[in-house]
file target_20.csv (CSV, C-alpha atoms)
chain,number,residue,atom,x,y,z
A,19,MET,CA,16.3,89.1,-41.9
A,20,GLU,CA,12.9,88.5,-40.4
A,21,PHE,CA,12.5,85.4,-42.5
A,22,ASN,CA,15.9,83.9,-41.4
A,23,ARG,CA,15.1,84.5,-37.7
A,24,ARG,CA,11.8,82.7,-38.1
A,25,ASN,CA,13.5,79.8,-39.9
A,26,ALA,CA,16.1,79.6,-37.1
A,27,ILE,CA,13.5,79.5,-34.5
A,28,MET,CA,11.6,76.8,-36.4
A,29,PHE,CA,14.8,74.8,-36.8
A,30,VAL,CA,15.5,74.9,-33.1
A,31,VAL,CA,12.0,74.0,-32.2
A,32,GLY,CA,12.2,71.1,-34.7
A,33,VAL,CA,15.5,69.8,-33.3
A,34,LEU,CA,14.2,70.0,-29.7
A,35,GLY,CA,10.9,68.3,-30.7
A,36,GLY,CA,12.8,65.5,-32.4
A,37,ALA,CA,15.2,65.1,-29.5
A,38,GLY,CA,12.2,64.8,-27.2
A,39,ALA,CA,10.5,62.3,-29.4
A,40,VAL,CA,13.7,60.2,-29.6
A,41,TYR,CA,14.0,60.3,-25.8
A,42,THR,CA,10.4,59.4,-25.4
A,43,LEU,CA,10.8,56.4,-27.7
A,44,VAL,CA,14.0,55.2,-26.0
A,45,TYR,CA,12.3,55.5,-22.6
A,46,LEU,CA,9.2,53.6,-23.7
A,47,ARG,CA,11.4,50.9,-25.3
A,48,LYS,CA,13.3,50.5,-22.0
A,49,MET,CA,10.1,50.3,-20.0
A,50,LEU,CA,8.6,47.7,-22.4
A,51,ARG,CA,11.7,45.6,-22.2
A,52,LYS,CA,11.6,45.7,-18.4
A,53,SER,CA,8.0,44.8,-18.2
A,54,SER,CA,8.2,42.0,-20.8
A,55,LYS,CA,11.2,40.3,-19.2
A,56,ARG,CA,11.0,36.5,-19.5
A,57,ALA,CA,9.8,34.7,-16.4
A,58,THR,CA,12.0,31.9,-15.0
A,59,ILE,CA,10.9,28.2,-15.0
A,60,GLU,CA,10.2,28.4,-11.3
A,61,GLN,CA,8.0,31.4,-11.8
A,62,LEU,CA,6.1,29.7,-14.6
A,63,THR,CA,5.5,26.5,-12.6
A,64,ASP,CA,4.5,28.4,-9.5
A,65,GLY,CA,1.8,30.0,-11.5
A,66,ILE,CA,0.1,26.6,-12.3
A,67,SER,CA,-2.7,25.9,-9.8
A,68,LEU,CA,-2.8,22.6,-7.8
A,69,GLU,CA,-6.0,21.6,-9.4
A,70,THR,CA,-4.5,21.9,-12.9
A,71,LEU,CA,-1.4,19.9,-11.8
A,72,LYS,CA,-3.6,17.2,-10.3
A,73,LYS,CA,-5.5,16.9,-13.6
A,74,LEU,CA,-2.2,16.8,-15.6
A,75,SER,CA,-0.8,14.2,-13.3
A,76,GLU,CA,-3.6,11.8,-14.3
A,77,VAL,CA,-3.6,12.3,-18.1
A,78,PRO,CA,-2.7,9.3,-20.4
A,79,ASN,CA,0.4,11.0,-21.8
A,80,VAL,CA,3.3,9.7,-19.8
A,81,SER,CA,5.6,12.7,-20.4
A,82,ILE,CA,3.0,15.2,-19.3
A,83,ARG,CA,2.0,13.0,-16.3
A,84,GLN,CA,5.7,12.7,-15.2
A,85,CYS,CA,6.3,16.4,-15.5
A,86,ALA,CA,3.2,17.3,-13.5
A,87,ARG,CA,4.1,14.9,-10.8
A,88,GLY,CA,7.6,16.3,-10.7
A,89,VAL,CA,6.3,19.8,-10.2
A,90,LEU,CA,4.0,18.6,-7.4
A,91,THR,CA,6.9,16.8,-5.7
A,92,ALA,CA,9.1,19.9,-5.9
A,93,ARG,CA,6.4,22.0,-4.3
A,94,ALA,CA,5.7,19.5,-1.6
A,95,LEU,CA,9.4,19.2,-0.7
A,96,LYS,CA,9.8,22.8,0.2
A,97,PRO,CA,10.6,22.8,3.9
A,98,GLU,CA,7.6,24.9,4.9
A,99,CYS,CA,5.2,22.7,2.8
A,100,LEU,CA,6.7,19.4,4.1
A,101,ARG,CA,6.5,20.6,7.8
A,102,PHE,CA,2.9,21.5,7.2
A,103,LEU,CA,2.1,18.1,5.7
A,104,ILE,CA,3.7,16.2,8.6
A,105,GLN,CA,2.0,18.4,11.1
A,106,LEU,CA,-1.3,17.7,9.3
A,107,CYS,CA,-1.0,14.0,10.3
A,108,TYR,CA,-1.8,15.1,13.9
A,109,ALA,CA,-5.0,16.9,12.9
A,110,GLU,CA,-8.3,16.0,14.5
A,111,ASP,CA,-10.0,16.1,11.1
A,112,GLU,CA,-9.7,12.7,9.4
A,113,GLU,CA,-10.0,14.2,5.9
A,114,SER,CA,-7.0,16.4,6.6
A,115,VAL,CA,-5.0,13.4,7.9
A,116,LEU,CA,-6.0,11.3,4.8
A,117,LYS,CA,-4.8,14.1,2.5
A,118,ALA,CA,-1.5,14.3,4.4
A,119,CYS,CA,-0.9,10.6,4.3
A,120,THR,CA,-1.8,10.5,0.6
A,121,VAL,CA,0.9,13.1,-0.2
A,122,LEU,CA,3.5,11.6,2.1
A,123,GLU,CA,2.9,8.1,0.6
A,124,PHE,CA,3.5,9.6,-2.9
A,125,LEU,CA,6.7,11.4,-1.7
A,126,THR,CA,8.2,8.3,-0.1
A,127,LYS,CA,8.2,6.6,-3.5
A,128,ASN,CA,11.0,8.9,-4.5
A,129,ALA,CA,14.3,7.6,-2.9
A,130,LYS,CA,15.7,11.2,-3.0
A,131,CYS,CA,13.0,12.4,-0.7
A,132,ARG,CA,13.1,9.9,2.1
A,133,ALA,CA,16.0,11.2,4.1
A,134,ARG,CA,14.5,14.7,4.3
A,135,VAL,CA,11.0,13.3,5.1
A,136,ILE,CA,12.4,11.2,8.0
A,137,TYR,CA,14.5,14.1,9.3
A,138,LEU,CA,11.4,16.3,9.6
A,139,GLY,CA,9.5,13.6,11.6
A,140,ALA,CA,7.4,11.7,9.1
A,141,LEU,CA,7.9,8.3,10.8
A,142,GLU,CA,6.4,9.7,14.1
A,143,ALA,CA,3.6,11.4,12.3
A,144,LEU,CA,2.6,8.5,10.1
A,145,SER,CA,2.7,6.0,13.0
A,146,HIS,CA,0.6,8.4,15.1
A,147,ALA,CA,-2.0,8.6,12.3
A,148,ILE,CA,-2.2,4.7,12.3
A,149,TYR,CA,-2.5,4.6,16.1
A,150,ARG,CA,-5.1,7.3,16.3
A,151,SER,CA,-7.3,5.8,13.5
A,152,TRP,CA,-7.2,2.4,15.3
A,153,THR,CA,-8.0,3.8,18.8
A,154,LYS,CA,-10.8,5.9,17.5
A,155,ARG,CA,-12.3,2.8,15.8
A,156,ASN,CA,-11.9,0.8,19.0
A,157,LYS,CA,-13.9,3.5,20.8
A,158,GLY,CA,-16.7,3.1,18.3
A,159,GLU,CA,-16.0,6.2,16.4
A,160,ILE,CA,-16.4,4.7,12.9
A,161,PHE,CA,-15.5,6.8,9.9
A,162,ASN,CA,-15.0,6.0,6.3
A,163,ASP,CA,-11.3,6.8,5.9
A,164,ASP,CA,-9.7,4.8,8.7
A,165,GLU,CA,-8.6,1.9,6.5
A,166,LYS,CA,-7.4,4.3,3.8
A,167,ILE,CA,-5.3,6.1,6.4
A,168,GLN,CA,-3.9,2.9,7.8
A,169,HIS,CA,-3.1,1.5,4.3
A,170,LEU,CA,-1.4,4.7,3.1
A,171,ALA,CA,0.6,5.2,6.3
A,172,CYS,CA,1.8,1.6,6.3
A,173,VAL,CA,3.0,1.8,2.7
A,174,ALA,CA,4.8,5.1,3.5
A,175,ILE,CA,6.5,3.8,6.6
A,176,PHE,CA,7.6,0.6,4.8
A,177,ASP,CA,9.1,2.7,2.0
A,178,LEU,CA,11.0,4.8,4.6
A,179,ILE,CA,12.5,1.9,6.5
A,180,ASN,CA,12.9,-0.8,3.8
A,181,ASP,CA,15.4,1.0,1.5
A,182,ALA,CA,17.4,2.8,4.2
A,183,ASP,CA,21.2,2.3,4.3
A,184,ASP,CA,21.1,1.0,7.9
A,185,ASP,CA,18.6,0.1,10.6
A,186,THR,CA,18.5,3.6,12.1
A,187,PRO,CA,14.9,4.4,10.8
A,188,LYS,CA,13.5,1.2,12.3
A,189,ILE,CA,15.1,1.9,15.7
A,190,HIS,CA,13.9,5.5,15.5
A,191,LEU,CA,10.4,4.4,14.7
A,192,LEU,CA,10.1,2.1,17.7
A,193,ASP,CA,11.9,4.5,20.0
A,194,LYS,CA,9.5,7.3,19.2
A,195,ASN,CA,6.4,5.2,19.1
A,196,PRO,CA,6.6,2.1,21.4
A,197,SER,CA,2.9,1.3,20.7
A,198,PHE,CA,3.6,0.8,17.0
A,199,VAL,CA,4.1,-3.0,17.0
A,200,PRO,CA,1.1,-3.8,19.2
A,201,THR,CA,-1.1,-1.4,17.1
A,202,ILE,CA,-0.1,-3.0,13.8
A,203,LEU,CA,-0.7,-6.5,15.2
A,204,ALA,CA,-4.1,-5.5,16.5
A,205,ILE,CA,-5.1,-4.0,13.2
A,206,MET,CA,-3.9,-7.1,11.3
A,207,LYS,CA,-5.8,-9.4,13.6
A,208,ALA,CA,-9.1,-7.4,13.3
A,209,THR,CA,-9.0,-6.3,9.6
A,210,HIS,CA,-10.5,-8.0,6.6
A,211,ASN,CA,-8.6,-5.7,4.2
A,212,ARG,CA,-6.0,-7.8,2.4
A,213,ASP,CA,-3.9,-4.8,1.5
A,214,ILE,CA,-3.6,-3.8,5.2
A,215,GLU,CA,-2.7,-7.4,6.1
A,216,LYS,CA,-0.1,-7.4,3.4
A,217,TRP,CA,1.6,-4.2,4.3
A,218,GLY,CA,1.3,-5.0,8.0
A,219,LEU,CA,3.2,-8.3,7.3
A,220,TYR,CA,5.9,-6.4,5.4
A,221,LEU,CA,6.4,-4.1,8.4
A,222,ILE,CA,6.5,-7.0,10.9
A,223,HIS,CA,9.0,-8.8,8.7
A,224,GLN,CA,11.2,-5.7,8.6
A,225,ILE,CA,11.2,-5.6,12.4
A,226,ALA,CA,11.8,-9.3,12.7
A,227,VAL,CA,14.9,-9.4,10.4
A,228,CYS,CA,16.6,-6.5,12.2
A,229,GLU,CA,18.7,-7.5,15.1
A,230,ALA,CA,18.2,-4.2,16.8
A,231,THR,CA,14.4,-4.3,16.8
A,232,ARG,CA,13.4,-8.0,16.6
A,233,ASP,CA,13.3,-8.4,20.4
A,234,GLU,CA,10.2,-6.1,20.4
A,235,LEU,CA,8.2,-9.0,18.8
A,236,CYS,CA,8.9,-11.3,21.8
A,237,GLN,CA,6.8,-9.1,24.0
A,238,HIS,CA,3.7,-9.7,21.9
A,239,TRP,CA,2.5,-13.4,21.7
A,240,VAL,CA,-0.3,-12.4,19.4
A,241,VAL,CA,2.2,-12.1,16.6
A,242,ILE,CA,2.2,-15.9,16.4
A,243,GLU,CA,-1.5,-16.0,15.8
A,244,VAL,CA,-1.5,-13.2,13.3
A,245,VAL,CA,1.3,-14.5,11.2
A,246,SER,CA,0.3,-18.2,11.4
A,247,LYS,CA,-3.2,-17.3,10.1
A,248,LEU,CA,-1.6,-15.4,7.2
A,249,VAL,CA,0.3,-18.6,6.2
A,250,VAL,CA,-3.0,-20.4,5.9
A,251,LYS,CA,-4.8,-17.5,4.1
A,252,SER,CA,-2.0,-16.7,1.7
A,253,GLN,CA,-1.8,-19.9,-0.4
A,254,GLY,CA,-0.8,-19.0,-4.0
A,255,GLU,CA,1.0,-15.8,-2.9
A,256,PRO,CA,4.7,-16.8,-2.7
A,257,LEU,CA,6.0,-13.4,-1.4
A,258,ARG,CA,3.5,-13.2,1.5
A,259,LEU,CA,4.1,-16.9,2.3
A,260,ARG,CA,7.9,-16.5,2.3
A,261,LEU,CA,7.8,-13.5,4.6
A,262,ALA,CA,5.3,-15.1,7.0
A,263,LEU,CA,7.3,-18.4,7.2
A,264,GLN,CA,10.5,-16.4,7.8
A,265,VAL,CA,8.9,-14.5,10.6
A,266,LEU,CA,7.7,-17.8,12.2
A,267,VAL,CA,11.1,-19.4,11.9
A,268,THR,CA,12.7,-16.3,13.4
A,269,LEU,CA,10.2,-16.4,16.3
A,270,ALA,CA,10.8,-20.0,17.0
A,271,ASN,CA,14.5,-20.3,16.4
A,272,ILE,CA,15.9,-17.0,17.5
A,273,LEU,CA,13.5,-14.8,19.5
A,274,MET,CA,11.7,-17.3,21.7
A,275,ALA,CA,14.4,-20.1,21.8
A,276,ASN,CA,13.9,-20.6,25.6
A,277,ASP,CA,10.2,-21.4,25.0
A,278,GLU,CA,10.5,-22.8,21.5
A,279,ALA,CA,8.3,-25.9,22.1
A,280,ASN,CA,5.4,-23.8,23.3
A,281,VAL,CA,5.9,-21.4,20.4
A,282,LEU,CA,5.8,-24.3,17.9
A,283,GLN,CA,2.7,-25.8,19.5
A,284,GLU,CA,1.0,-22.5,19.2
A,285,ILE,CA,2.0,-22.2,15.5
A,286,ARG,CA,0.7,-25.8,15.0
A,287,SER,CA,-2.6,-25.0,16.5
A,288,TYR,CA,-3.5,-22.6,13.6
A,289,GLY,CA,-3.1,-25.4,11.0
A,290,VAL,CA,0.1,-24.3,9.3
A,291,ILE,CA,1.6,-27.7,8.7
A,292,MET,CA,-0.3,-28.7,5.5
A,293,PRO,CA,0.2,-25.2,3.9
A,294,THR,CA,3.9,-25.4,4.8
A,295,ILE,CA,4.3,-28.8,3.1
A,296,GLY,CA,2.4,-27.5,0.2
A,297,CYS,CA,5.0,-24.8,-0.3
A,298,LEU,CA,7.6,-27.4,-1.1
A,299,LYS,CA,6.0,-27.7,-4.6
A,300,SER,CA,6.7,-24.0,-5.3
A,301,GLU,CA,9.2,-22.8,-7.8
A,302,ASN,CA,10.3,-20.0,-5.5
A,303,ARG,CA,13.6,-21.2,-3.9
A,304,GLU,CA,13.4,-18.8,-1.0
A,305,LEU,CA,9.9,-19.9,-0.1
A,306,ILE,CA,11.0,-23.5,-0.2
A,307,TYR,CA,13.9,-22.8,2.1
A,308,TRP,CA,11.8,-21.2,4.8
A,309,ALA,CA,9.1,-23.9,4.4
A,310,VAL,CA,11.7,-26.6,5.0
A,311,GLY,CA,13.2,-24.5,7.8
A,312,LEU,CA,9.8,-24.4,9.7
A,313,LEU,CA,9.4,-28.2,9.2
A,314,HIS,CA,12.9,-28.7,10.5
A,315,GLU,CA,12.0,-26.8,13.7
A,316,PHE,CA,9.0,-29.1,14.2
A,317,VAL,CA,10.8,-32.4,13.7
A,318,ALA,CA,13.9,-31.4,15.6
A,319,LEU,CA,11.8,-30.9,18.7
A,320,ASP,CA,9.5,-33.9,18.2
A,321,ILE,CA,6.4,-31.7,17.7
A,322,ALA,CA,3.5,-32.8,15.5
A,323,LEU,CA,5.5,-35.7,14.0
A,324,PRO,CA,2.5,-38.0,13.5
A,325,GLU,CA,0.7,-35.2,11.8
A,326,ILE,CA,3.7,-34.4,9.5
A,327,CYS,CA,4.3,-38.1,8.7
A,328,ALA,CA,0.7,-38.7,7.8
A,329,VAL,CA,0.7,-36.1,4.9
A,330,PRO,CA,0.6,-38.3,1.7
A,331,ILE,CA,2.7,-36.0,-0.4
A,332,LEU,CA,5.4,-35.4,2.2
A,333,LEU,CA,8.0,-37.8,0.9
A,334,ARG,CA,7.5,-37.0,-2.7
A,335,SER,CA,7.7,-33.3,-1.9
A,336,LEU,CA,10.9,-33.7,0.1
A,337,TYR,CA,12.5,-35.6,-2.7
A,338,SER,CA,11.6,-32.9,-5.3
A,339,VAL,CA,13.3,-30.4,-3.1
A,340,LEU,CA,16.4,-32.7,-2.4
A,341,ILE,CA,17.3,-32.7,-6.1
A,342,SER,CA,18.0,-29.0,-5.8
A,343,ASN,CA,21.7,-28.1,-6.1
A,344,GLU,CA,21.4,-25.6,-3.2
A,345,ALA,CA,23.3,-27.0,-0.2
A,346,SER,CA,21.4,-24.8,2.3
A,347,ILE,CA,18.2,-26.5,1.3
A,348,GLN,CA,19.6,-30.0,0.9
A,349,ARG,CA,21.1,-30.1,4.4
A,350,LEU,CA,17.7,-29.1,6.0
A,351,VAL,CA,15.8,-31.8,3.9
A,352,LEU,CA,18.3,-34.5,4.9
A,353,ARG,CA,18.0,-33.6,8.6
A,354,VAL,CA,14.2,-33.6,8.3
A,355,LEU,CA,14.3,-37.1,6.6
A,356,ARG,CA,16.6,-38.5,9.3
A,357,PHE,CA,14.6,-37.2,12.2
A,358,LEU,CA,11.3,-38.5,10.7
A,359,CYS,CA,12.9,-41.9,10.0
A,360,GLN,CA,14.1,-42.1,13.6
A,361,SER,CA,10.6,-41.2,14.9
A,362,SER,CA,8.4,-43.3,12.7
A,363,ASP,CA,9.0,-46.9,11.5
A,364,ASP,CA,6.3,-46.5,8.9
A,365,PHE,CA,7.9,-43.4,7.4
A,366,LYS,CA,11.3,-45.2,7.5
A,367,ALA,CA,9.8,-48.0,5.5
A,368,LYS,CA,8.3,-45.6,2.9
A,369,THR,CA,11.7,-44.0,2.6
A,370,THR,CA,13.5,-47.3,2.2
A,371,HIS,CA,11.2,-48.3,-0.6
A,372,ASN,CA,11.4,-45.0,-2.4
A,373,LYS,CA,13.9,-45.8,-5.3
A,374,HIS,CA,14.2,-42.2,-6.5
A,375,LEU,CA,15.1,-40.9,-3.1
A,376,LEU,CA,17.7,-43.7,-2.5
A,377,ALA,CA,19.2,-43.0,-5.9
A,378,ARG,CA,19.7,-39.4,-5.0
A,379,LEU,CA,21.5,-40.0,-1.7
A,380,PRO,CA,24.9,-41.0,-3.3
A,381,THR,CA,24.9,-37.7,-5.2
A,382,CYS,CA,24.3,-35.9,-1.9
A,383,LEU,CA,27.1,-38.0,-0.3
A,384,ALA,CA,29.5,-36.7,-2.9
A,385,SER,CA,28.5,-33.0,-2.3
A,386,GLY,CA,31.2,-30.5,-1.7
A,387,ASP,CA,29.3,-29.2,1.3
A,388,ARG,CA,30.4,-30.9,4.6
A,389,ASP,CA,27.0,-30.8,6.3
A,390,VAL,CA,25.2,-32.3,3.2
A,391,THR,CA,27.7,-35.1,3.1
A,392,SER,CA,27.5,-35.8,6.9
A,393,TRP,CA,23.7,-35.9,7.0
A,394,SER,CA,23.5,-38.0,3.8
A,395,LEU,CA,25.8,-40.5,5.6
A,396,TYR,CA,23.7,-40.5,8.7
A,397,LEU,CA,20.5,-41.1,6.7
A,398,ILE,CA,22.1,-43.9,4.6
A,399,HIS,CA,23.4,-45.5,7.8
A,400,ASP,CA,20.0,-45.5,9.5
A,401,ILE,CA,18.3,-47.0,6.4
A,402,ALA,CA,21.1,-49.7,6.0
A,403,THR,CA,20.8,-50.8,9.6
A,404,SER,CA,17.0,-50.8,9.7
A,405,GLY,CA,16.8,-54.3,8.3
A,406,MET,CA,13.9,-53.3,6.0

call {"tool": "encode", "arguments": {"input": "target_20.csv", "output": "structure tokens"}}
result
Amino acid sequence: MEFNRRNAIMFVVGVLGGAGAVYTLVYLRKMLRKSSKRATIEQLTDGISLETLKKLSEVPNVSIRQCARGVLTARALKPECLRFLIQLCYAEDEESVLKACTVLEFLTKNAKCRARVIYLGALEALSHAIYRSWTKRNKGEIFNDDEKIQHLACVAIFDLINDADDDTPKIHLLDKNPSFVPTILAIMKATHNRDIEKWGLYLIHQIAVCEATRDELCQHWVVIEVVSKLVVKSQGEPLRLRLALQVLVTLANILMANDEANVLQEIRSYGVIMPTIGCLKSENRELIYWAVGLLHEFVALDIALPEICAVPILLRSLYSVLISNEASIQRLVLRVLRFLCQSSDDFKAKTTHNKHLLARLPTCLASGDRDVTSWSLYLIHDIATSGM
């Protein structure tokens, strides 16, 4: 009896001990599962330091580099981070401004980021950074990062206004910062940095081709000097030449039409005629169009005609352009030829004896474009009645 009782007690103790052990194991398993729960992708990426991401964004492996840059972009686009970056453009510390401009320039390369960046005030902040760097330099406060800030801010602003669906960002930029245009022109006039000249020209071109903002350029005569000098300096660079010539034609023909003669005389004074005629040998059709367009403005107002006629390659260059099948270019060339023939007997004689040019005129006369046909007929009539 004593033995059975002891066995029963041992049995109960064993059962209770086993139950406790099972409970303890179940509890520990539950705690382990809870503590070892998988982290989300966001939690994992947030745990990577900025220094590590910066190094990864510069590695040779394209996939790793793109992933690192994607993570950096996602972090920077968080509203609190983006506001901080934009506010940093107003800092007194140039190093902080440079860092902010560097990140914003990187973000504006992503088309999906631009609307949010503009909404939070990036255009105002970046234009302020340019203005402040320029005014501090004018006051003699020279620092190493001023050109870097100007370059990065110009690139970022261009990206924000160039690919927009409408002209709202351009209008917004000039409304919020009326000093933007004169500041950019002053920087372009004084700088020796070709990248700043290039991006400054891109910005001036964007303002010139926009009907809502182009009038702003009329208030700043220095734009003629700045852009004309770029035509002379940009030989061999078709894109820069095309944009510069388009700005000059816009200034002369649209913006300053009431004072066009003086505008053209000012343009002429910077030596643009020879470089413009040289552009006629280019293979870039848009560049040729704007070069002929500027020549047309000169000859139509009887400005610099002796200088233009004296260029040895002029007639040969005009003929090479006339064989183009683009009516918009042909009509301008025919008008230029007629105006020059009317103004110079010597040039008319050269035209009359140019067999290749004369052989091309019947083709132009048969053109389906009414203007090309009309100006071909006018030119043939002038040559036929010249008696040469």

call {"tool": "atom_distance", "arguments": {"input": "target_20.csv", "atom1": "CA of Thr126 in chain A", "atom2": "CA of Leu203 in chain A"}}
result
23.1 Å

call {"tool": "atom_distance", "arguments": {"input": "target_20.csv", "atom1": "CA of Ala92 in chain A", "atom2": "CA of Cys131 in chain A"}}
result
9.9 Å

call {"tool": "residues_around", "arguments": {"input": "target_20.csv", "residues": "Arg303 in chain A", "least_positions_apart": "2", "cutoff": "12 Å", "atoms": "only C-alpha atoms", "output": "list in words"}}
result
Pro256, Leu257, Arg260, Cys297, Leu298, Lys299, Ser300, Glu301, Leu305, Ile306, Tyr307, Trp308, Ala309, Val310, Ser338, Val339, Leu340, Ser342, Asn343, Glu344, Ala345, Ser346, Ile347 and Gln348 of chain A

call {"tool": "closest_residue", "arguments": {"input": "target_20.csv", "among": "A:Asn162, A:Phe176, A:Ile202, A:Ala270", "to": "Ile148 in chain A", "atoms": "all atoms listed in the file"}}
result
A:Ile202

call {"tool": "residues_around", "arguments": {"input": "target_20.csv", "residues": "Ile295 in chain A", "least_positions_apart": "5", "cutoff": "12 Å", "atoms": "all atoms listed in the file", "output": "JSON, numbers by chain"}}
result
{"A": [249, 250, 253, 259, 263, 289, 290, 300, 305, 306, 307, 308, 309, 310, 311, 312, 313, 314, 325, 326, 327, 328, 329, 330, 331, 332, 333, 334, 335, 336, 338, 339, 351]}

call {"tool": "write_last_selection", "arguments": {"input": "target_20.csv", "atoms": "C-alpha atoms", "output": "mmCIF file, keeping the file's coordinate frame"}}
result
data_model
loop_
_atom_site.group_PDB
_atom_site.id
_atom_site.type_symbol
_atom_site.label_atom_id
_atom_site.label_comp_id
_atom_site.auth_asym_id
_atom_site.auth_seq_id
_atom_site.Cartn_x
_atom_site.Cartn_y
_atom_site.Cartn_z
ATOM 1 C CA VAL A 249 0.300 -18.600 6.200
ATOM 2 C CA VAL A 250 -3.000 -20.400 5.900
ATOM 3 C CA GLN A 253 -1.800 -19.900 -0.400
ATOM 4 C CA LEU A 259 4.100 -16.900 2.300
ATOM 5 C CA LEU A 263 7.300 -18.400 7.200
ATOM 6 C CA GLY A 289 -3.100 -25.400 11.000
ATOM 7 C CA VAL A 290 0.100 -24.300 9.300
ATOM 8 C CA SER A 300 6.700 -24.000 -5.300
ATOM 9 C CA LEU A 305 9.900 -19.900 -0.100
ATOM 10 C CA ILE A 306 11.000 -23.500 -0.200
ATOM 11 C CA TYR A 307 13.900 -22.800 2.100
ATOM 12 C CA TRP A 308 11.800 -21.200 4.800
ATOM 13 C CA ALA A 309 9.100 -23.900 4.400
ATOM 14 C CA VAL A 310 11.700 -26.600 5.000
ATOM 15 C CA GLY A 311 13.200 -24.500 7.800
ATOM 16 C CA LEU A 312 9.800 -24.400 9.700
ATOM 17 C CA LEU A 313 9.400 -28.200 9.200
ATOM 18 C CA HIS A 314 12.900 -28.700 10.500
ATOM 19 C CA GLU A 325 0.700 -35.200 11.800
ATOM 20 C CA ILE A 326 3.700 -34.400 9.500
ATOM 21 C CA CYS A 327 4.300 -38.100 8.700
ATOM 22 C CA ALA A 328 0.700 -38.700 7.800
ATOM 23 C CA VAL A 329 0.700 -36.100 4.900
ATOM 24 C CA PRO A 330 0.600 -38.300 1.700
ATOM 25 C CA ILE A 331 2.700 -36.000 -0.400
ATOM 26 C CA LEU A 332 5.400 -35.400 2.200
ATOM 27 C CA LEU A 333 8.000 -37.800 0.900
ATOM 28 C CA ARG A 334 7.500 -37.000 -2.700
ATOM 29 C CA SER A 335 7.700 -33.300 -1.900
ATOM 30 C CA LEU A 336 10.900 -33.700 0.100
ATOM 31 C CA SER A 338 11.600 -32.900 -5.300
ATOM 32 C CA VAL A 339 13.300 -30.400 -3.100
ATOM 33 C CA VAL A 351 15.800 -31.800 3.900
#

call {"tool": "residues_around", "arguments": {"input": "target_20.csv", "residues": "Arg388 in chain A", "least_positions_apart": "4", "cutoff": "12 Å", "atoms": "all atoms listed in the file", "output": "ChimeraX atom specification"}}
result
/A:345-346,348-349,382-384,392-395

call {"tool": "atom_distance", "arguments": {"input": "target_20.csv", "atom1": "CA of Phe365 in chain A", "atom2": "CA of Gly296 in chain A"}}
result
18.3 Å

call {"tool": "closest_residue", "arguments": {"input": "target_20.csv", "among": "A:Asp193, A:Thr91, A:Thr370, A:Leu100", "to": "Thr403 in chain A", "atoms": "all atoms listed in the file"}}
result
A:Thr370

call {"tool": "closest_residue", "arguments": {"input": "target_20.csv", "among": "A:Lys188, A:Lys247, A:Leu269, A:Tyr220", "to": "Ser287 in chain A", "atoms": "all atoms listed in the file"}}
result
A:Lys247

call {"tool": "decode", "arguments": {"input": "target_20.csv", "residues": "range 172-180 of chain A", "atoms": "N, CA, C and O atoms", "output": "PDB file, in the first residue's frame"}}
result
ATOM      1  N   CYS A 172      21.962  75.455 -61.969  1.00  0.00           N
ATOM      2  CA  CYS A 172      21.501  75.691 -63.349  1.00  0.00           C
ATOM      3  C   CYS A 172      21.025  74.398 -64.000  1.00  0.00           C
ATOM      4  O   CYS A 172      19.985  74.373 -64.675  1.00  0.00           O
ATOM      5  N   VAL A 173      21.778  73.327 -63.800  1.00  0.00           N
ATOM      6  CA  VAL A 173      21.388  72.030 -64.371  1.00  0.00           C
ATOM      7  C   VAL A 173      20.050  71.572 -63.790  1.00  0.00           C
ATOM      8  O   VAL A 173      19.153  71.121 -64.519  1.00  0.00           O
ATOM      9  N   ALA A 174      19.900  71.693 -62.475  1.00  0.00           N
ATOM     10  CA  ALA A 174      18.659  71.253 -61.816  1.00  0.00           C
ATOM     11  C   ALA A 174      17.468  72.079 -62.282  1.00  0.00           C
ATOM     12  O   ALA A 174      16.389  71.528 -62.566  1.00  0.00           O
ATOM     13  N   ILE A 175      17.625  73.393 -62.378  1.00  0.00           N
ATOM     14  CA  ILE A 175      16.523  74.260 -62.825  1.00  0.00           C
ATOM     15  C   ILE A 175      16.147  73.925 -64.265  1.00  0.00           C
ATOM     16  O   ILE A 175      14.961  73.853 -64.613  1.00  0.00           O
ATOM     17  N   PHE A 176      17.156  73.707 -65.107  1.00  0.00           N
ATOM     18  CA  PHE A 176      16.863  73.345 -66.498  1.00  0.00           C
ATOM     19  C   PHE A 176      16.055  72.059 -66.573  1.00  0.00           C
ATOM     20  O   PHE A 176      15.080  71.964 -67.328  1.00  0.00           O
ATOM     21  N   ASP A 177      16.460  71.050 -65.814  1.00  0.00           N
ATOM     22  CA  ASP A 177      15.719  69.781 -65.818  1.00  0.00           C
ATOM     23  C   ASP A 177      14.270  69.985 -65.368  1.00  0.00           C
ATOM     24  O   ASP A 177      13.351  69.332 -65.873  1.00  0.00           O
ATOM     25  N   LEU A 178      14.056  70.890 -64.426  1.00  0.00           N
ATOM     26  CA  LEU A 178      12.707  71.107 -63.891  1.00  0.00           C
ATOM     27  C   LEU A 178      11.806  71.853 -64.869  1.00  0.00           C
ATOM     28  O   LEU A 178      10.603  71.595 -64.926  1.00  0.00           O
ATOM     29  N   ILE A 179      12.368  72.779 -65.660  1.00  0.00           N
ATOM     30  CA  ILE A 179      11.519  73.581 -66.553  1.00  0.00           C
ATOM     31  C   ILE A 179      11.478  73.044 -67.981  1.00  0.00           C
ATOM     32  O   ILE A 179      10.539  73.322 -68.726  1.00  0.00           O
ATOM     33  N   ASN A 180      12.475  72.260 -68.365  1.00  0.00           N
ATOM     34  CA  ASN A 180      12.555  71.812 -69.759  1.00  0.00           C
ATOM     35  C   ASN A 180      11.543  70.728 -70.082  1.00  0.00           C
ATOM     36  O   ASN A 180      10.915  70.755 -71.146  1.00  0.00           O
TER      37      ASN A 180
END
